[in-house]
Amino acid sequence: LGDRKPGDSGYMISLTILLVEDNPDDEILTVRELKKQSIVSEIIAVRDGVEALDYLFCKGQFASRDPRTFPTVVLLDLKLPKVDGFEVLRRIRADARTRHIPVVMLTSSDDQRDVIESYRLGANSYVCKPVSFDQFQEAVRHVQFYWLRLNVPPPSGES
């Protein structure tokens, strides 16, 4: 980041994860594992693509959210009600305010077409949810460690 200070561009990033997950069990497991690591300052969990877009673009129930703050990373499921993960990813990448946000597809789909389409649309990573509880916990730990500790994001508000 050089001599830049956080927020120089008028946008800020805190250690926040936006979890977009429609399966309540997967949400509980993911949130529990994320909180265990004590890295994240906030986890925003939404259940469908409309809620995810509302959060990111400060609409609906999130209209009062500070429009200058964005999550550090979005963990995005593919198969979502209302608006699917592909469309959420499309809209994230189409907007200058959000295109810099890392998006990790965290999904049960191991279909190669889904992997290819996710990367084509600009996903930063694609992680298949493991079937076993222990493997699922380990996957979440690795995702969180990489994206919140090791990865250096671009200055917010820039692409």
# chains A, B, ... in the order shown; residues from 1 in each chain; ligands from 1

$ residues_around --residues "A:Leu121" --least-positions-apart "5" --cutoff "9 Å" --atoms "only C-alpha atoms" --output "list in words"
Phe86, Leu89, Arg90, Arg93 and Ile116 of chain A

$ select_by_dssp --residues "chain A" --states "strand (DSSP E)" --output "list in words"
Met12, Ile13, Thr16, Ile17, Leu18, Leu19, Val20, Glu42, Ile43, Ile44, Ala45, Val46, Thr69, Phe70, Val73, Val74, Leu75, Leu76, Val103, Val104, Met105, Leu106, Thr107, Ser125, Tyr126, Val127 and Cys128 of chain A

$ residues_around --residues "A:Glu42" --least-positions-apart "5" --cutoff "8 Å" --atoms "only C-alpha atoms" --output "count of residues only"
3

$ residues_around --residues "A:Asp48" --least-positions-apart "3" --cutoff "8 Å" --atoms "only C-alpha atoms" --output "ChimeraX atom specification"
/A:20-22,51-52,80-84

$ closest_residue --among "A:Arg141, A:Val74, A:Leu19, A:Arg32" --to "A:Ile92" --atoms "only C-alpha atoms"
A:Val74

$ residues_around --residues "A:Trp147" --least-positions-apart "6" --cutoff "12 Å" --atoms "only C-alpha atoms" --output "CSV table (one decimal) with C-alpha atoms, in the first residue's frame"
chain,number,residue,atom,x,y,z
A,15,LEU,CA,-12.1,-7.1,8.5
A,16,THR,CA,-15.7,-8.0,7.5
A,17,ILE,CA,-16.9,-11.1,5.7
A,34,LEU,CA,-15.0,-18.0,11.3
A,39,ILE,CA,-9.7,-12.6,12.9
A,40,VAL,CA,-12.9,-11.1,11.6
A,71,PRO,CA,-16.5,-6.4,3.2
A,72,THR,CA,-12.9,-7.7,3.1
A,73,VAL,CA,-14.1,-10.7,1.2
A,74,VAL,CA,-17.4,-12.2,0.0
A,75,LEU,CA,-18.1,-15.9,0.5
A,101,ILE,CA,-13.7,-6.9,-3.5
A,102,PRO,CA,-12.4,-10.5,-3.4
A,103,VAL,CA,-15.1,-13.0,-4.1
A,104,VAL,CA,-14.7,-16.7,-3.1
A,124,ASN,CA,-11.0,-14.8,-7.1
A,125,SER,CA,-11.3,-18.4,-5.8
A,140,VAL,CA,-13.3,-22.4,6.1
A,141,ARG,CA,-10.1,-21.9,8.3
A,153,PRO,CA,-6.2,-6.3,-1.2

$ residues_around --residues "A:Ser108" --least-positions-apart "6" --cutoff "8 Å" --atoms "only C-alpha atoms" --output "list in words"
Cys128, Lys129 and Pro130 of chain A

$ select_by_dssp --residues "stretch 63-126 of chain A" --states "helix (DSSP H, G or I)" --output "count of residues only"
19

$ atom_distance --atom1 "atom CA of A:Lys36" --atom2 "atom CA of A:Tyr119"
29.4 Å
